[in-house]
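J.: Below you'll find the structure I mean.
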Amino acid sequence: MKLSVPVAFGVEASVKRQLRQLGYGDCPALQGRIRLNGDWLDVARLNINLRAGERVLVELAEFPAPDFDALFDGVYSIPWEEYIGADFRILMDGKCVNSRLMAIKTSGGIAKKAIVERLRAKSGIHTLSERGARIVVGVFIVNDMASITLDTTGDGLHKRGYRIKTYSAPLRETTAAAMIESSFFRAGKPFADVFCGSGTIPIEAALYMRNIAPGKHRSFDFVQWMHVPEVIRIAREEACDQENHGQIPPICASDISGDAIEIAKFHAARAGVGTDIRFFTRDMRMFSSDERCGVLISNPPYGERLKAHLPELYCDFGKMYRRLPDWSCYFLSGYDGASRAFGGRPDKMRRMWNAGIPCTLYSYYGAPPSEKTESNA
């Protein structure tokens, strides 16, 4: 069975690294998707364990679709009766790029008509109720080639289930996880987020350190389908067996807003990592640490209404960081003058998106432990 994992721009490398860690080898990426082979147990494992991917798709078919007749015939030829029950609620998704069939709503309607006619012919049922389990069919037409998929995830993988209270400009959980996975943060290192907001980055860091699967407690659409009754249980048990229940270094999370800290504490408790994170209501400028070789990861403000204050804020952020000479710092920002105001040349920059805003992940590397040790000898 062919599977694919759509990924947000800028996080492909992070998802590919995690797939290798999960035992799937070096999977190719093309047009915003990472492709691999697997079965229904792999579908369950990927949905439960992936930290930065957006969802898990089953790729059913790929065929030329220069016109609506070709699209109808190609979709009709797929054995839908093996996937969809007569009462399933069929929803359509997709897009058209550089193709003669650019009207995606019309293309989706043609594809759904082909699915329904196939199901009627195979089941002998004239009227499909569509009151049962949800199933989302994707129709993606690129350069006149149609790719037909089933979305096994449902609500996107960024919806872990722990974040239910709102706070201004939240960071997606999958984006936070990609930032952490791309950093030097590893077992034994101190960690801090000085703009923690509703707590997404420190919570994802704690889940990462504990090796707690991000999808451990949530549901997925494919579980309601007729041919996967046991795989979700097996995948959850496997994930639980891999968790780290030992001691981990404390994770420090702070924000100038007391309301944000209360929300972050609530979310951390829901995620099961409340005791792993130390929360402080504190101005970023006041942060300091005696710990060695730590990692600072943050999503500082960059909204339009704060534009006049951003140069001073980022300048002070940079001054604070430079008081931590062997720490590494990573921050995501949509402010064009971020690196100039922060000061110093970033060791690496990566373009990413957050809530539809083009951003840059700035990476500043601290001295590695061996180098620091040698300089003190």
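Ordered as shown in the structure tokens, chains take letters A, B, and onward, while each chain numbers its residues from 1 and ligands are numbered from 1 in the order shown.
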Check range 4-242 of chain A with DSSP on the backbone and list each residue it calls strand (DSSP E or B), as an MDAnalysis selection string.

T.: chainID A and resid 4:6 29:30 33:37 57:64 89:97 134:142 145:151 191:193

J.: Show me, as a list of chain:residue names, the residues that have an atom within 10 Å of range 82-87 of chain A when counting only C-alpha atoms, minus same-chain residues fewer than 5 positions from it.

T.: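 The residues satisfying every condition are A:Ile115, A:Val116, A:Leu119, A:Arg120, A:Lys122, A:Ser123, A:Gly124, A:Ile125, A:His126, A:Thr127, A:Leu128, A:Ser129, A:Glu130, A:Arg131, A:Gly132, A:Ala133, A:Arg134, A:Ile135, A:Leu150, A:Phe222, A:Trp225, A:Met226, A:His227.
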
J.: Show me a table, sorted first by chain and then by increasing residue number, of the residues of range 92-165 of chain A having an atom at most 9 Å from range 173-191 of chain A, each with its shortest atom pair and the distance in Å to one decimal, counting only C-alpha atoms and written as CSV.

T.:
residue,atom,partner,partner_atom,distance
A:Leu157,CA,A:Thr174,CA,7.3
A:His158,CA,A:Thr174,CA,5.0
A:Lys159,CA,A:Glu173,CA,7.3
A:Arg160,CA,A:Glu173,CA,7.6

J.: May I have the residues within 6 Å of range 46-50 of chain A as a PyMOL selection string, using only C-alpha atoms and disregarding those fewer than 2 positions away in the same chain?

T.: chain A and resi 42-44+52-53+213+215-216

J.: I need the chosen residues saved as an mmCIF file, in the first residue's frame, with all heavy atoms.

T.:
data_model
loop_
_atom_site.group_PDB
_atom_site.id
_atom_site.type_symbol
_atom_site.label_atom_id
_atom_site.label_comp_id
_atom_site.auth_asym_id
_atom_site.auth_seq_id
_atom_site.Cartn_x
_atom_site.Cartn_y
_atom_site.Cartn_z
ATOM 1 N N ASP A 42 1.140 0.371 9.752
ATOM 2 C CA ASP A 42 1.991 1.540 9.525
ATOM 3 C C ASP A 42 1.176 2.824 9.536
ATOM 4 O O ASP A 42 1.631 3.860 10.035
ATOM 5 C CB ASP A 42 2.745 1.403 8.202
ATOM 6 C CG ASP A 42 3.758 0.272 8.234
ATOM 7 O OD1 ASP A 42 4.645 0.302 9.106
ATOM 8 O OD2 ASP A 42 3.637 -0.646 7.409
ATOM 9 N N VAL A 43 -0.035 2.775 8.997
ATOM 10 C CA VAL A 43 -0.920 3.939 9.057
ATOM 11 C C VAL A 43 -1.151 4.348 10.506
ATOM 12 O O VAL A 43 -1.077 5.535 10.868
ATOM 13 C CB VAL A 43 -2.264 3.641 8.360
ATOM 14 C CG1 VAL A 43 -3.297 4.717 8.672
ATOM 15 C CG2 VAL A 43 -2.072 3.517 6.854
ATOM 16 N N ALA A 44 -1.413 3.367 11.361
ATOM 17 C CA ALA A 44 -1.627 3.656 12.779
ATOM 18 C C ALA A 44 -0.359 4.196 13.428
ATOM 19 O O ALA A 44 -0.400 5.180 14.185
ATOM 20 C CB ALA A 44 -2.093 2.390 13.495
ATOM 21 N N ALA A 52 5.810 16.151 13.260
ATOM 22 C CA ALA A 52 5.804 17.337 12.412
ATOM 23 C C ALA A 52 5.035 17.162 11.106
ATOM 24 O O ALA A 52 4.832 18.133 10.396
ATOM 25 C CB ALA A 52 7.237 17.783 12.116
ATOM 26 N N GLY A 53 4.621 15.965 10.731
ATOM 27 C CA GLY A 53 3.817 15.772 9.535
ATOM 28 C C GLY A 53 2.407 16.317 9.729
ATOM 29 O O GLY A 53 1.946 16.487 10.857
ATOM 30 N N ALA A 213 4.304 9.708 22.422
ATOM 31 C CA ALA A 213 3.755 9.863 21.072
ATOM 32 C C ALA A 213 2.730 10.991 21.062
ATOM 33 O O ALA A 213 1.822 11.016 21.886
ATOM 34 C CB ALA A 213 3.116 8.559 20.611
ATOM 35 N N GLY A 215 0.239 11.569 19.172
ATOM 36 C CA GLY A 215 -1.135 11.143 18.895
ATOM 37 C C GLY A 215 -1.645 10.082 19.848
ATOM 38 O O GLY A 215 -2.627 9.398 19.559
ATOM 39 N N LYS A 216 -1.003 9.957 21.001
ATOM 40 C CA LYS A 216 -1.316 8.886 21.948
ATOM 41 C C LYS A 216 -2.774 8.901 22.396
ATOM 42 O O LYS A 216 -3.402 7.846 22.531
ATOM 43 C CB LYS A 216 -0.394 9.025 23.163
ATOM 44 C CG LYS A 216 -0.649 8.034 24.275
ATOM 45 C CD LYS A 216 0.314 8.264 25.429
ATOM 46 C CE LYS A 216 0.025 7.320 26.599
ATOM 47 N NZ LYS A 216 0.978 7.557 27.719
#

J.: Between A:Thr149, A:Ser4, A:Thr200, A:Gln18, single out the one closest to Ile34 in chain A, counting only C-alpha atoms.

T.: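 The shortest atom-to-atom distance to Ile34 in chain A comes from A:Ser4.
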
J.: I need the residue nearest Asp151 in chain A from this list: A:Phe266, A:Phe72, A:Phe220, A:Phe195. Use only C-alpha atoms for the distance.

T.: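 Among the listed residues, the smallest separation from Asp151 in chain A belongs to A:Phe220.
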
J.: Give me, as a list in words, all polymer residues having an atom no more than 8 Å from range 319-330 of chain A, counting only C-alpha atoms and skipping those fewer than 3 positions away in the same chain.

T.: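 With the cut-off at 8 Å, the set is Met179, Ser183, Phe184, Met284, Arg285, Met286, Phe287, Ser288, Ser289, Arg292, Cys293, Gly294, Val295, Leu296, Ile297, Ser298, Cys315, Asp316, Phe342, Leu361, Tyr362, Ser363, Tyr364, Tyr365, Gly366, Ala367, Pro368, Pro369 and Lys372 of chain A.
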
J.: Please indicate the distance in Å from CA of Arg282 in chain A to CA of Tyr314 in chain A, rounded to one decimal place.

T.: 16.3 Å

J.: List every residue of range 76-194 of chain A that DSSP, applied to the backbone of this structure, assigns to alpha helix (DSSP H), and report them as number ranges by chain.

T.: A: 76, 104-123, 173-181

J.: Calculated over only C-alpha atoms, which of the candidates A:Tyr24, A:Arg55, A:Asp283, A:Pro300 has the smallest distance to Val7 in chain A?

T.: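 Closest to Val7 in chain A of all the choices is A:Arg55.
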
J.: Which of these, A:Ala114, A:Leu19, A:Ala235, A:Cys359, has the shortest distance to Leu71 in chain A once you count only C-alpha atoms?

T.: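 So, comparing all the options, the nearest one is A:Ala114.
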
J.: Please identify all polymer residues within 8 Å of Gly161 in chain A, counting only C-alpha atoms, omitting same-chain residues fewer than 6 positions from it, and present them as a list in words.

T.: His217, Arg218 and Ala271 of chain A
